[in-house]
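Report on the structure given below.
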Amino acid sequence: MQGKAAASRFVGKRMRFYGTKLAAGGGRRFFFVQAVEPAMPAIAAVRKEYTDKQQMPIAAPFDAQGWTRARSADGGFSVDMPGPFSDMTQGSAGRAGFMLRGTDRHGTLFMAVFERSGPGSGMGATFDEAYSKPNAKVTKFKGADAVITLGTLPESNGAKITHGLWFRVPGGTYMLSVIADKEQDAQSLASRQRFFHSLAFE
């Protein structure tokens, strides 16, 4: 009954849909719909060029648990890191990418990456492929469709476990990743949760 009531709001009406073009497999994923009566918001088309740069390492003030707040100078996001971190910008590959990368005292690697949308967006294609798999672990994160991944680094012969959280927004794709030695993987759960949920857009 609720489905019929919802559908009745669209029948015979002109609607405007907002969506993201899939980087793999074709098609679009829609995230917002509105009637066409309100004027469409005017969005200034501003293209900013970025240069490759890297700051290593940055040791900001730490809290009692050894964590610090890491901010991407060019990417417009921040995240909690369990130790010193690097802030990297890639601008020479045709699409801008931004990374915060750090390790904890056990050697577990933490990465937060944002890649802007554009032709040949590798992270966008990876997200679309992972999201479309029949056994995909799909969830909601920060209001966006997201997919959780679990695997091992191919070159580690199963010795390093990878945990990923991927999601797309109209402007690009985010990837949060934690890579831990197999013996440290269970202990990294609390750190992984703090890292993932601390992501903020600035």
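So you can find residues: chains in the structure tokens are A, B, ... in the order shown, residues in each start at 1, and ligands are numbered from 1 in order.
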Exercise for the section: Just the residues within 12 Å of Pro84 in chain A, please, counting only C-alpha atoms, with nothing from its chain fewer than 4 positions along; format it as a VMD selection string. Expected result: chain A and resid 55 to 62 66 to 71 80 100 to 105 107 109 to 110
Near His106 in chain A, counting only C-alpha atoms, which residues have an atom at most 9 Å away, once you skip same-chain residues fewer than 5 positions from it, shown as a compact mmCIF listing (two decimals) with all heavy atoms, in the first residue's frame?
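As a result, selection_39.txt now contains:
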# COMPACT_ATOMS: atom_id res chain seq x y z
N ALA A 180 46.01 -4.77 7.63
CA ALA A 180 46.68 -5.24 8.84
C ALA A 180 47.31 -6.60 8.63
O ALA A 180 46.83 -7.41 7.82
CB ALA A 180 45.68 -5.32 10.00
N ASP A 181 48.41 -6.87 9.35
CA ASP A 181 48.95 -8.22 9.38
C ASP A 181 47.90 -9.17 9.92
O ASP A 181 47.09 -8.80 10.77
CB ASP A 181 50.20 -8.28 10.26
CG ASP A 181 51.39 -7.54 9.66
OD1 ASP A 181 51.41 -7.37 8.42
OD2 ASP A 181 52.27 -7.12 10.42
N GLN A 184 47.33 -9.32 13.54
CA GLN A 184 46.85 -8.08 14.14
C GLN A 184 45.43 -7.72 13.71
O GLN A 184 44.86 -6.75 14.21
CB GLN A 184 47.78 -6.92 13.76
CG GLN A 184 49.19 -7.02 14.30
CD GLN A 184 49.24 -6.84 15.80
OE1 GLN A 184 48.36 -6.23 16.40
NE2 GLN A 184 50.29 -7.37 16.43
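The spacing separating CA of Asn157 in chain A from CA of Ser188 in chain A amounts to 19.7 Å.
Residues in contact range of Phe196 in chain A, defined as at most 8 Å between only C-alpha atoms, with sequence neighbours fewer than 6 positions away removed, read Val79, Leu165 and Leu176 of chain A.
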Exercise for the section: Can you pull out every residue within 8 Å of range 89-99 of chain A, counting only C-alpha atoms, but drop anything in the same chain fewer than 3 positions away, and send it as a PyMOL selection string? Expected result: chain A and resi 49-54+72+74-75+86+111-119+121
Same residues, N, CA, C and O atoms, output as a PDB file, in the first residue's frame:
ATOM      1  N   GLU A  49      42.888  23.200 -11.193  1.00  0.00           N
ATOM      2  CA  GLU A  49      44.013  22.335 -11.523  1.00  0.00           C
ATOM      3  C   GLU A  49      44.846  22.080 -10.270  1.00  0.00           C
ATOM      4  O   GLU A  49      45.060  22.982  -9.457  1.00  0.00           O
ATOM      5  N   TYR A  50      45.317  20.835 -10.122  1.00  0.00           N
ATOM      6  CA  TYR A  50      46.125  20.466  -8.968  1.00  0.00           C
ATOM      7  C   TYR A  50      47.485  19.961  -9.436  1.00  0.00           C
ATOM      8  O   TYR A  50      47.621  19.414 -10.529  1.00  0.00           O
ATOM      9  N   THR A  51      48.486  20.164  -8.608  1.00  0.00           N
ATOM     10  CA  THR A  51      49.818  19.634  -8.883  1.00  0.00           C
ATOM     11  C   THR A  51      50.122  18.517  -7.900  1.00  0.00           C
ATOM     12  O   THR A  51      49.560  18.465  -6.804  1.00  0.00           O
ATOM     13  N   ASP A  52      50.997  17.612  -8.307  1.00  0.00           N
ATOM     14  CA  ASP A  52      51.389  16.519  -7.421  1.00  0.00           C
ATOM     15  C   ASP A  52      52.196  17.077  -6.251  1.00  0.00           C
ATOM     16  O   ASP A  52      53.144  17.844  -6.446  1.00  0.00           O
ATOM     17  N   LYS A  53      51.807  16.678  -5.058  1.00  0.00           N
ATOM     18  CA  LYS A  53      52.589  17.086  -3.884  1.00  0.00           C
ATOM     19  C   LYS A  53      52.349  16.119  -2.733  1.00  0.00           C
ATOM     20  O   LYS A  53      51.324  15.439  -2.672  1.00  0.00           O
ATOM     21  N   GLN A  54      53.319  16.070  -1.850  1.00  0.00           N
ATOM     22  CA  GLN A  54      53.243  15.152  -0.719  1.00  0.00           C
ATOM     23  C   GLN A  54      53.957  15.769   0.473  1.00  0.00           C
ATOM     24  O   GLN A  54      55.052  16.301   0.345  1.00  0.00           O
ATOM     25  N   SER A  72      43.053  16.693   4.770  1.00  0.00           N
ATOM     26  CA  SER A  72      43.571  16.802   3.414  1.00  0.00           C
ATOM     27  C   SER A  72      43.569  18.273   3.012  1.00  0.00           C
ATOM     28  O   SER A  72      42.510  18.899   2.966  1.00  0.00           O
ATOM     29  N   ASP A  74      43.999  19.715   0.152  1.00  0.00           N
ATOM     30  CA  ASP A  74      43.311  20.009  -1.106  1.00  0.00           C
ATOM     31  C   ASP A  74      42.018  19.227  -1.287  1.00  0.00           C
ATOM     32  O   ASP A  74      41.169  19.623  -2.090  1.00  0.00           O
ATOM     33  N   GLY A  75      41.851  18.116  -0.557  1.00  0.00           N
ATOM     34  CA  GLY A  75      40.710  17.233  -0.794  1.00  0.00           C
ATOM     35  C   GLY A  75      39.430  17.611  -0.098  1.00  0.00           C
ATOM     36  O   GLY A  75      38.361  17.089  -0.429  1.00  0.00           O
ATOM     37  N   SER A  86      50.644  11.099   6.211  1.00  0.00           N
ATOM     38  CA  SER A  86      51.066  11.813   5.010  1.00  0.00           C
ATOM     39  C   SER A  86      49.835  12.385   4.328  1.00  0.00           C
ATOM     40  O   SER A  86      48.779  11.761   4.312  1.00  0.00           O
ATOM     41  N   MET A 111      44.281   4.288   5.187  1.00  0.00           N
ATOM     42  CA  MET A 111      44.249   5.192   4.042  1.00  0.00           C
ATOM     43  C   MET A 111      42.838   5.731   3.831  1.00  0.00           C
ATOM     44  O   MET A 111      41.866   4.982   3.879  1.00  0.00           O
ATOM     45  N   ALA A 112      42.748   7.033   3.594  1.00  0.00           N
ATOM     46  CA  ALA A 112      41.501   7.679   3.202  1.00  0.00           C
ATOM     47  C   ALA A 112      41.772   8.379   1.877  1.00  0.00           C
ATOM     48  O   ALA A 112      42.662   9.237   1.801  1.00  0.00           O
ATOM     49  N   VAL A 113      41.026   8.001   0.829  1.00  0.00           N
ATOM     50  CA  VAL A 113      41.304   8.491  -0.519  1.00  0.00           C
ATOM     51  C   VAL A 113      40.022   9.044  -1.130  1.00  0.00           C
ATOM     52  O   VAL A 113      38.947   8.445  -0.996  1.00  0.00           O
ATOM     53  N   PHE A 114      40.132  10.185  -1.800  1.00  0.00           N
ATOM     54  CA  PHE A 114      39.027  10.743  -2.580  1.00  0.00           C
ATOM     55  C   PHE A 114      39.517  11.003  -3.983  1.00  0.00           C
ATOM     56  O   PHE A 114      40.541  11.666  -4.188  1.00  0.00           O
ATOM     57  N   GLU A 115      38.811  10.445  -4.983  1.00  0.00           N
ATOM     58  CA  GLU A 115      39.144  10.678  -6.380  1.00  0.00           C
ATOM     59  C   GLU A 115      37.974  11.385  -7.046  1.00  0.00           C
ATOM     60  O   GLU A 115      36.834  10.920  -6.968  1.00  0.00           O
ATOM     61  N   ARG A 116      38.250  12.509  -7.694  1.00  0.00           N
ATOM     62  CA  ARG A 116      37.191  13.257  -8.360  1.00  0.00           C
ATOM     63  C   ARG A 116      36.677  12.499  -9.573  1.00  0.00           C
ATOM     64  O   ARG A 116      37.420  11.763 -10.225  1.00  0.00           O
ATOM     65  N   SER A 117      35.386  12.686  -9.867  1.00  0.00           N
ATOM     66  CA  SER A 117      34.787  12.048 -11.039  1.00  0.00           C
ATOM     67  C   SER A 117      35.426  12.570 -12.312  1.00  0.00           C
ATOM     68  O   SER A 117      35.877  13.712 -12.370  1.00  0.00           O
ATOM     69  N   GLY A 118      35.437  11.722 -13.324  1.00  0.00           N
ATOM     70  CA  GLY A 118      35.979  12.126 -14.611  1.00  0.00           C
ATOM     71  C   GLY A 118      36.234  10.920 -15.477  1.00  0.00           C
ATOM     72  O   GLY A 118      36.138   9.774 -15.009  1.00  0.00           O
ATOM     73  N   PRO A 119      36.548  11.127 -16.743  1.00  0.00           N
ATOM     74  CA  PRO A 119      36.845  10.001 -17.637  1.00  0.00           C
ATOM     75  C   PRO A 119      37.973   9.139 -17.078  1.00  0.00           C
ATOM     76  O   PRO A 119      38.983   9.654 -16.617  1.00  0.00           O
ATOM     77  N   SER A 121      37.898   7.241 -14.380  1.00  0.00           N
ATOM     78  CA  SER A 121      37.956   7.200 -12.921  1.00  0.00           C
ATOM     79  C   SER A 121      38.088   5.754 -12.448  1.00  0.00           C
ATOM     80  O   SER A 121      37.128   4.990 -12.493  1.00  0.00           O
TER      81      SER A 121
END
Exercise for the section: With a distance cut-off of 9 Å and only C-alpha atoms, select the neighbouring residues of Arg192 in chain A, excluding the residue or stretch itself and same-chain residues fewer than 6 positions from it, and output the selection as an NGL selection string. Expected result: :A and (110 or 163 or 177-178)
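You will find CA of Ala144 in chain A at 9.9 Å from CA of Trp166 in chain A.
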Completion exercise
Students should find that CA of Ala159 in chain A and CA of Ala190 in chain A are spaced 20.1 Å
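Residue nearest Ser78 in chain A, chosen from A:Leu153, A:Met123, A:Val169, A:Leu199 and counting only C-alpha atoms: A:Leu199.
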